[in-house]
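> Have a look at the structure that comes next, please.
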There are 2 protein chains.
Amino acid sequence: MNNTRAFDSVDTLSVSTIRMLAADMVEKANSGHPGLPLGAAPMAYVLWRYALRHSPSAPLWFDRDRFVLSAGHGSALLYSLLHLSGYNLPLEELKRFRQWQSKTPGHPEFGHTAGVETTTGPLGQGLANAAGMALAEKLLAQKYNKSGHEIINHRTFVIAGDGDMMEGIAQEAVSLAGHLKLNKLIILYDDNSITIEGKTELAFSEDIPARLRACGWNALAVSDGNSLPEIHAALSRAVGEREKPTIICVKTCIGCGSPKQDSEKAHGEPLGAQALKATREFYKWPDETFYIPPQAAQRLGELAASGEAARKDWENRLAAYAREYPAESAELASRIKGEMPADLAKALPDFSAAPAMATREASGKAINALAEALPGFYGGSADLAPSNKTAFLKYPERTLHFGIREHGMAAAVNGMALHGGFIPFGATFLVFADYMRPSLRLAALMKCHSIFVFTHDSIGVGEDGPTHQPVEQLSSLRVVPGLTVLRPADARETAAAWEAAVVRKGPVCLALTRQKLPPLDTAADIRSGVLKGAYVVADCAGLPEIIILASGSEVRLAVAAAKELNMRGKKTRAVSMPSMEIFAEQPREYRDSVLPPAVTKRLAVEAASPMSWHKWTGSGGGTLCIETFGASAPAETVFEKYGFTAENAVKKALEL
Amino acid sequence: MNNTRAFDSVDTLSVSTIRMLAADMVEKANSGHPGLPLGAAPMAYVLWRYALRHSPSAPLWFDRDRFVLSAGHGSALLYSLLHLSGYNLPLEELKRFRQWQSKTPGHPEFGHTAGVETTTGPLGQGLANAAGMALAEKLLAQKYNKSGHEIINHRTFVIAGDGDMMEGIAQEAVSLAGHLKLNKLIILYDDNSITIEGKTELAFSEDIPARLRACGWNALAVSDGNSLPEIHAALSRAVGEREKPTIICVKTCIGCGSPKQDSEKAHGEPLGAQALKATREFYKWPDETFYIPPQAAQRLGELAASGEAARKDWENRLAAYAREYPAESAELASRIKGEMPADLAKALPDFSAAPAMATREASGKAINALAEALPGFYGGSADLAPSNKTAFLKYPERTLHFGIREHGMAAAVNGMALHGGFIPFGATFLVFADYMRPSLRLAALMKCHSIFVFTHDSIGVGEDGPTHQPVEQLSSLRVVPGLTVLRPADARETAAAWEAAVVRKGPVCLALTRQKLPPLDTAADIRSGVLKGAYVVADCAGLPEIIILASGSEVRLAVAAAKELNMRGKKTRAVSMPSMEIFAEQPREYRDSVLPPAVTKRLAVEAASPMSWHKWTGSGGGTLCIETFGASAPAETVFEKYGFTAENAVKKALEL
């Protein structure tokens, strides 16, 4: 970017077009947020027209700059930009804003609308996704760029609002980005001094530039959010920054140009016919809905050609790179495509003769084995790597140190997954999945391939006590639509669980033990069973009278109890169910073969809340689970006191 | 406090005693965290002995200073202090550190050990609780103190570690405390430069004092965490601060004096016999476990008398206040005791003739009505008051503006509840309960009476789309042990739900609609039904063949479907179940009268995940629920597309 640029009347007209389109969308939908688009249109325009390197005809071009509207309620702004810039978003869709199955839902949805890089709305998330995207770019550039071959070189731009800046997750992301010196991350902060309850000063009196500088950021200011040259100059400086991420604090007025300007009334409801009319008059706009002046259409439409040229140039440079660095180029191409080796199972450790070990330990070995087969496999922990067993030993550069920032980690992992080129994971204790929950939900909603490694998955945590012992977490993860939870029962199940996690399309959570588990005493094909979600791990002859279902560390109790019950003449089957979600996807025939509908005496054994098990046990069944919090004591003591013994499982089964 | 104090050898000996007791506890338990106690003992000692106003013999003295060990893994430090200061924590309990049913669990647990003000361990929570405590103190002081009568005047001190400072929730709390000018909140930051993965510089490079100053804090530094005079001088300055909260950054060394000093190895495991021996030698300590030198016992034991004197002085001052301001004094006493008016139901609005209204609207009226009866009833929203309907109209000073900081809000609400004198609530959209989850869990674990108002409780959110439409939230709240969820079905149920929420002992979540709901068409005693968790809202003659269970906005569908089914000759009952938790507590007789065990055809209707319903519907039952995410469109459209119509409920019931 040049530091200075002269703006003409067509630029101003284009900004007005964005504003009025957004206001019209909200008005027609009779729902939405006109305030942000009216205030932030100038910065968004300068960014999209003169700073963002993107190609509307190829929205997935890998080396494009990423744009994240973290203040997702301003979706009308983004849809206006997408339409005017030539993305595949017809004006008809703008007119169907917030309607059933339109391409213009209330908040931007990744995977639903071309050009939307991430799903936003829950505040702070987009900003933290952006940190992950910028990290992805940096890691790829470090690995693949060669002297004279800058094939990975793009920026991540964010428009964030007051809400984003107030959320804790944003501070985690800011702190991490500053620490990692993600200089290609640039935030435009829409500083409009208004939130829903009124002036921000009701609840917010930070010196934002000072706070971000304290976190290693470069902070710039734009005193007039309507000044295109001032915005342009700040963006130029930010783009030239080589050391630090940059925040540009842009002083704007919410609902700019409308009678509701500078009031919370402009935020989250249509302007109304009268105020809309006044706004049109303010911008000297014809009294016509969805009006797009031809000059504005042309000015923003130019992006299609310039973007296409930039992309072609990159492809030529990539071809030159491929000639000089064929191996690196092939690897990068494979990562971008998300290719998997055909023999993933072979890449995983063979635990068939392994001794007793914690599943976190087996997971650590699996991670290091997968690293050989998957060059895009990166990850790290929220400062628990030695406990989570997540360090890459041979490839230390792939170990990410997220700090004690679980929420920011999860959102950054999502950002890496969305960016492409990575199979990323984040790790912490299972109980702290709670800290990451909004990002886990968004991963599920976006169907992005983020993996979360949760160790210390039960009261088996022991002495650390109830604050660190998950109880309700397994059920509360299983209830998230589209999130896959895998809780393996021994080292072999863990290897298969990692295989399932890597080949799965959406987000996956692995729940792993702190404590050692002996190998399952079974002749079953464990890998095949895990890949089907559940399988018979111990059986009787003929149709069982009783089925004991379990996951993870409790499977061996189920096996021992089944053995005892069979000895006593009660025909009993034990089922290992590492993943309810995967099992539920299997053909009915398989499901019925594992859990014959005729067998209603079903006991679920899991050192966790029973809620997710009732579906499987039914009214004839029972649960040996936990309905209170845990307790601080050595793990064996806690398990025993909470009734997790084979004897008690036998007793409970007989009570059915 | 005096600005300077001379420390003698007994002070040093006392610090060593704290250190060695903590190291012995961890060693004996063969589990725990010696690093923090060894490093932070000097600041903790100076604070407890010379700054903290507390009375070990009366740990609940209302005007005591609060102490929060936000870095809860350092629990051995706190237990040592409690024992040495004369709290009811015998040495035997220190020897049973982290053992089954000891008073010294792995992390400090409120309600379990006298002198523990809040449960900590999940990082950042304690600090944010402390902000709530300091806010509680400030609000009480503003309301009750009179010239010459400073009857409320105490501080909240926190020891926080690196993990606390990195967590997003801490930034939310810091920002809120700075904004609210909570000058009696003082953090001692144990800045030891080490986290679990190694040096903090692996992931953390903030200028903490600058960040906190940017948030309106006073920041002081102690360059040598072993210097008692330096710590004392900083604490004196902090205590004298009249404008801002203060952070004192104390440079410490983790595991100080042990061979593992300044290493992550000192953090989370016993020193081991050899290193413990070396540590004893360093501190010139006899080779004896749990050794307490008599002079140290005496120095810290003096607190009992001085604390008792301070408390008695306060009681005298309170008596003088009572003479001069009898009404205020009586009200304050009542708030401290947590008294409820006998006729709470009468204080609530009578909605018996009310028109259709959203339950959030009814809740807003209930909140304002309760304000008259409950002087300690305060609350606010995370910047959604106009949507959550949580503003106090007649008592605007009771409306809290938490800003867009859901997590910090929840922890601050917990802090206010723990402090006493308040029935506090926090509000946001139900979907954002996810942001607050770690604090909700701690509220349940502590059984503290925090109330959370969650509006926009289903796909009825409409156009804002899936990011804002809760689906899995109801089940994932119901699964938290000890958390009560109430989802009322009309205005009358809402009033009764508020009654239940106020009289309940533990934390309560209210789930309320955005959309209008007509009054239930029922002759049932709604109040009594809600207070029992579930009740028959529409019935047939004799034993029903089918029971339709529902909550909230779906109850009217259940009623309409039951009516239709009864007309068709299918004997059907409709049950409104606003609270599964309260219903589960009722005597079996009542439960069986509402849900006769013989009736196995049970359909649950709720615009949310079915997970929590399977327990009630059993294998003979079915659900009309949502197993995917929602969608952006007008609410009526979304309800219809997702099958929430009386016709569909009839169809599903007939399929059973």
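Identifiers for the structure tokens are assigned positionally: chains receive A, B, ... in sequence, residues are indexed from 1 per chain, and ligands are indexed from 1 in the order shown.
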Pull the alpha helix (DSSP H) assignments for region 373-490 of chain B out of DSSP run on the backbone, and list those residues as JSON, numbers by chain.

{"B": [373, 385, 386, 387, 388, 406, 407, 408, 409, 410, 411, 412, 413, 414, 415, 416, 417, 418, 419, 437, 438, 439, 440, 441, 442, 443, 444, 445, 446, 473, 474, 475, 476, 477, 478]}

> Counting only C-alpha atoms, what is within 12 Å of Arg588 (chain A), bar same-chain residues fewer than 6 positions away, as a PyMOL selection string?

chain A and resi 532+594-597

> Report the distance between CA of Ala491 (chain B) and CA of Gly622 (chain B) in Å, rounded to one decimal place.

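That distance, rounded to one decimal, is 28.0 Å.
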
> For region 381-392 of chain B, find every residue with an atom within 9 Å (counting only C-alpha atoms), except residues of its own chain fewer than 2 positions away, and show them as JSON, numbers by chain.

{"A": [163, 195, 196, 197, 198, 203], "B": [360, 361, 362, 363, 364, 365, 367, 368, 371, 378, 379, 394, 395, 396, 397, 398, 399, 400, 401, 402, 403, 404, 405, 406, 409, 425, 426, 427, 428, 429, 453, 454, 455, 456, 512, 514]}

> Let's have the selection written as a PDB file, in the first residue's frame, with C-alpha atoms.


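Listed below is the output, result_29.pdb:
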ATOM      1  CA  GLY A 163     -17.977  -5.929  22.798  1.00  0.00           C
ATOM      2  CA  THR A 195     -23.094  -0.372  23.591  1.00  0.00           C
ATOM      3  CA  ILE A 196     -26.563  -1.775  24.030  1.00  0.00           C
ATOM      4  CA  GLU A 197     -27.130  -0.305  27.480  1.00  0.00           C
ATOM      5  CA  GLY A 198     -25.935   3.134  26.438  1.00  0.00           C
ATOM      6  CA  ALA A 203     -19.119  -0.024  32.035  1.00  0.00           C
TER       7      ALA A 203
ATOM      8  CA  ARG B 360     -38.566 -12.004  30.007  1.00  0.00           C
ATOM      9  CA  GLU B 361     -41.135  -9.225  30.264  1.00  0.00           C
ATOM     10  CA  ALA B 362     -42.871 -10.917  33.193  1.00  0.00           C
ATOM     11  CA  SER B 363     -39.449 -11.452  34.743  1.00  0.00           C
ATOM     12  CA  GLY B 364     -38.686  -7.755  34.456  1.00  0.00           C
ATOM     13  CA  LYS B 365     -41.863  -6.970  36.333  1.00  0.00           C
ATOM     14  CA  ILE B 367     -37.581  -8.202  39.440  1.00  0.00           C
ATOM     15  CA  ASN B 368     -38.971  -4.747  40.066  1.00  0.00           C
ATOM     16  CA  ALA B 371     -36.929  -5.053  44.739  1.00  0.00           C
ATOM     17  CA  TYR B 378     -29.295  -6.275  43.085  1.00  0.00           C
ATOM     18  CA  GLY B 379     -28.300  -7.297  39.619  1.00  0.00           C
ATOM     19  CA  LYS B 394     -37.393   2.628  41.013  1.00  0.00           C
ATOM     20  CA  TYR B 395     -33.952   1.757  42.395  1.00  0.00           C
ATOM     21  CA  PRO B 396     -31.546   2.517  39.557  1.00  0.00           C
ATOM     22  CA  GLU B 397     -28.623   2.258  41.974  1.00  0.00           C
ATOM     23  CA  ARG B 398     -29.283  -1.470  42.170  1.00  0.00           C
ATOM     24  CA  THR B 399     -28.835  -1.929  38.430  1.00  0.00           C
ATOM     25  CA  LEU B 400     -25.321  -3.179  37.807  1.00  0.00           C
ATOM     26  CA  HIS B 401     -23.668  -2.622  34.453  1.00  0.00           C
ATOM     27  CA  PHE B 402     -21.325  -5.550  33.958  1.00  0.00           C
ATOM     28  CA  GLY B 403     -20.342  -4.666  30.417  1.00  0.00           C
ATOM     29  CA  ILE B 404     -19.862  -7.308  27.739  1.00  0.00           C
ATOM     30  CA  ARG B 405     -18.130  -9.571  30.222  1.00  0.00           C
ATOM     31  CA  GLU B 406     -20.355 -12.563  30.878  1.00  0.00           C
ATOM     32  CA  MET B 409     -20.117 -11.046  35.608  1.00  0.00           C
ATOM     33  CA  PHE B 425     -28.183 -11.748  39.763  1.00  0.00           C
ATOM     34  CA  GLY B 426     -26.467 -11.524  36.405  1.00  0.00           C
ATOM     35  CA  ALA B 427     -28.162 -11.667  33.041  1.00  0.00           C
ATOM     36  CA  THR B 428     -27.440 -12.377  29.413  1.00  0.00           C
ATOM     37  CA  PHE B 429     -28.824 -14.444  26.539  1.00  0.00           C
ATOM     38  CA  VAL B 453     -31.290 -14.619  34.222  1.00  0.00           C
ATOM     39  CA  PHE B 454     -31.062 -16.087  30.733  1.00  0.00           C
ATOM     40  CA  THR B 455     -33.444 -14.668  28.169  1.00  0.00           C
ATOM     41  CA  HIS B 456     -33.846 -15.504  24.466  1.00  0.00           C
ATOM     42  CA  LEU B 512     -36.966 -16.929  29.610  1.00  0.00           C
ATOM     43  CA  ARG B 514     -37.844 -13.402  23.875  1.00  0.00           C
TER      44      ARG B 514
END

> Which polymer residues have any atom within 6 Å of an atom of region 535-544 of chain A, counting only C-alpha atoms, with same-chain residues fewer than 3 positions away left out, as an NGL selection string?

:A and (522 or 524 or 529 or 559 or 571-576)

> Suppose we keep all heavy atoms; can you now write the selection as an mmCIF file, in the first residue's frame?


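Saved file part.cif follows:
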data_model
loop_
_atom_site.group_PDB
_atom_site.id
_atom_site.type_symbol
_atom_site.label_atom_id
_atom_site.label_comp_id
_atom_site.auth_asym_id
_atom_site.auth_seq_id
_atom_site.Cartn_x
_atom_site.Cartn_y
_atom_site.Cartn_z
ATOM 1 N N THR A 522 -9.803 -58.585 25.989
ATOM 2 C CA THR A 522 -10.814 -58.825 24.955
ATOM 3 C C THR A 522 -10.183 -59.425 23.710
ATOM 4 O O THR A 522 -9.012 -59.165 23.421
ATOM 5 C CB THR A 522 -11.533 -57.512 24.568
ATOM 6 O OG1 THR A 522 -12.543 -57.824 23.611
ATOM 7 C CG2 THR A 522 -10.578 -56.499 23.962
ATOM 8 N N ALA A 524 -11.847 -58.855 20.893
ATOM 9 C CA ALA A 524 -12.525 -58.077 19.851
ATOM 10 C C ALA A 524 -11.513 -57.326 18.982
ATOM 11 O O ALA A 524 -10.376 -57.082 19.389
ATOM 12 C CB ALA A 524 -13.474 -57.088 20.509
ATOM 13 N N GLY A 529 -13.864 -51.646 16.146
ATOM 14 C CA GLY A 529 -14.924 -51.291 17.096
ATOM 15 C C GLY A 529 -14.942 -49.807 17.416
ATOM 16 O O GLY A 529 -16.001 -49.174 17.439
ATOM 17 N N VAL A 559 -16.160 -55.136 31.832
ATOM 18 C CA VAL A 559 -15.675 -56.455 31.412
ATOM 19 C C VAL A 559 -15.605 -57.393 32.620
ATOM 20 O O VAL A 559 -16.082 -58.541 32.573
ATOM 21 C CB VAL A 559 -14.298 -56.331 30.718
ATOM 22 C CG1 VAL A 559 -13.687 -57.702 30.478
ATOM 23 C CG2 VAL A 559 -14.436 -55.561 29.396
ATOM 24 N N LYS A 571 -26.454 -64.246 31.801
ATOM 25 C CA LYS A 571 -25.824 -63.999 30.505
ATOM 26 C C LYS A 571 -25.642 -62.493 30.283
ATOM 27 O O LYS A 571 -26.617 -61.750 30.173
ATOM 28 C CB LYS A 571 -26.670 -64.627 29.398
ATOM 29 C CG LYS A 571 -26.547 -66.158 29.389
ATOM 30 C CD LYS A 571 -27.610 -66.837 28.562
ATOM 31 C CE LYS A 571 -27.458 -66.454 27.105
ATOM 32 N NZ LYS A 571 -28.455 -67.166 26.256
ATOM 33 N N THR A 572 -24.408 -62.075 30.258
ATOM 34 C CA THR A 572 -24.100 -60.644 30.240
ATOM 35 C C THR A 572 -23.114 -60.304 29.135
ATOM 36 O O THR A 572 -22.159 -61.035 28.892
ATOM 37 C CB THR A 572 -23.514 -60.209 31.602
ATOM 38 O OG1 THR A 572 -24.430 -60.595 32.635
ATOM 39 C CG2 THR A 572 -23.287 -58.710 31.647
ATOM 40 N N ARG A 573 -23.362 -59.184 28.509
ATOM 41 C CA ARG A 573 -22.468 -58.634 27.491
ATOM 42 C C ARG A 573 -21.894 -57.323 28.004
ATOM 43 O O ARG A 573 -22.593 -56.560 28.681
ATOM 44 C CB ARG A 573 -23.278 -58.390 26.214
ATOM 45 C CG ARG A 573 -22.582 -57.521 25.182
ATOM 46 C CD ARG A 573 -23.434 -57.341 23.944
ATOM 47 N NE ARG A 573 -23.535 -58.591 23.210
ATOM 48 C CZ ARG A 573 -24.185 -58.722 22.052
ATOM 49 N NH1 ARG A 573 -24.791 -57.673 21.509
ATOM 50 N NH2 ARG A 573 -24.232 -59.882 21.440
ATOM 51 N N ALA A 574 -20.643 -57.069 27.672
ATOM 52 C CA ALA A 574 -20.067 -55.751 27.960
ATOM 53 C C ALA A 574 -19.821 -55.042 26.633
ATOM 54 O O ALA A 574 -19.289 -55.637 25.691
ATOM 55 C CB ALA A 574 -18.766 -55.879 28.736
ATOM 56 N N VAL A 575 -20.229 -53.788 26.592
ATOM 57 C CA VAL A 575 -20.043 -52.976 25.383
ATOM 58 C C VAL A 575 -19.152 -51.794 25.715
ATOM 59 O O VAL A 575 -19.417 -51.068 26.684
ATOM 60 C CB VAL A 575 -21.406 -52.484 24.843
ATOM 61 C CG1 VAL A 575 -21.221 -51.418 23.771
ATOM 62 C CG2 VAL A 575 -22.217 -53.658 24.308
ATOM 63 N N SER A 576 -18.102 -51.630 24.930
ATOM 64 C CA SER A 576 -17.283 -50.425 25.053
ATOM 65 C C SER A 576 -17.845 -49.398 24.085
ATOM 66 O O SER A 576 -18.019 -49.680 22.900
ATOM 67 C CB SER A 576 -15.824 -50.736 24.706
ATOM 68 O OG SER A 576 -15.071 -49.535 24.711
#

> List the neighbours of Ser263 (chain A) out to 10 Å using only C-alpha atoms; skip same-chain residues closer than 3 positions along the sequence, and give me the result as a ChimeraX atom specification.

/A:35,192-199,253-256,259-260,266-267
